[in-house]
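Peer 1: Below is the structure I would like to discuss, written out as structure tokens.
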Amino acid sequence: MSEPTPAQIHATVLEDGQGSRATPFTLVWYTSWLVMGVVQIAGGLIAEWSPSKALDNHWVALLIGTMVTVGTALMLWGARRVQTITTSWAVERLGAFVTAGGWAAYAIAGVWASFATPAAWLFGVASTAALLARAQTLTTREAVTRHIVGAA
Amino acid sequence: MLTEPLIIALIVGATGISSSVGLWQYIGSRGKKPIDTATAMAAVAAQTQGMTLALVEQLQEEMAAMRTDHAATRTTLARLQHALRSHQEQWESWYRRLMLEWASVRLLATPPAPPTFQDDTPSWGDDTTT
């Protein structure tokens, strides 16, 4: 983790002067993804157990569902207080990367299933980008906090 | 084009890479000294206070510079006003003189009408005495 720039310190302190907690909007956002992950798992399990095998590649749905569910659960847990604030950020960032992997897989599977229907895979691409941005924000925030605490 | 093994490799690769990066960052962060919330908040508050004081100081410096500029501007303005007043006086003087000159020229240009003589002098061809 490189040293934060003065601009990053300035922006982070101004944006987040009170120690960075996830906003209610973020929590709703994560929870909706958690539900989507559970639905993916359910879909994969239904396909697995369906005698007709109407859905192919059910393992992809299971994999995506597991990644998204586990990732968002970690993000939700990290967004709450976990021991120390740095631990919270570390857990939330781990969850963000795991969830990003799930949505990236979702985007790839969407391209594979039907490239002509971009709604599905664009959602995956946008979600992955949003999660990587969130992970970057947390990384910067941690770097700035460590810098400030070290300098104080 | 996209074949099934390629797609499977991409999906597994994406999930594997992202999970690995996440774990690597998590382990890296956990390897450092943890910072509790109160410490972080206190440090951020101190930083905010420091930034605010620095901002106030900067604003004070800028205000002092503006005050100096303002004083210089006022001096310049006073000088300009003085110059303007002087020019105005000169102009008024010149205008007054011009008006007088104009009046005199006008008087000369339109001389009074010649007097009308009651002339009873006989003409040369009208000699009645001889």
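Here's how to read the names in the structure tokens: chain A, B, ... by the order shown, residue numbers from 1 in each chain, ligand numbers from 1 in the order shown.
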Identify, on the basis of only C-alpha atoms, every residue whose closest approach to segment 86-101 of chain A does not exceed 8 Å; exclude the query and any residue fewer than 2 positions from it along the same chain; express the result as number ranges by chain.

Peer 2: A: 67-84, 103-105, 127-129, 131-132, 134-135, 138-139, 142; B: 14-19, 21-23, 25-26, 29-30, 34-36

Peer 1: Which parts of chain A does DSSP call helix (DSSP H, G or I) when run on the backbone here, written out as a PyMOL selection string?

Peer 2: chain A and resi 6-15+24-49+58-79+85-113+118-151

Peer 1: Report, in Å to a single decimal, how far apart atom CA of Gln40 of chain A and atom CA of Tyr106 of chain A are.

Peer 2: 10.0 Å
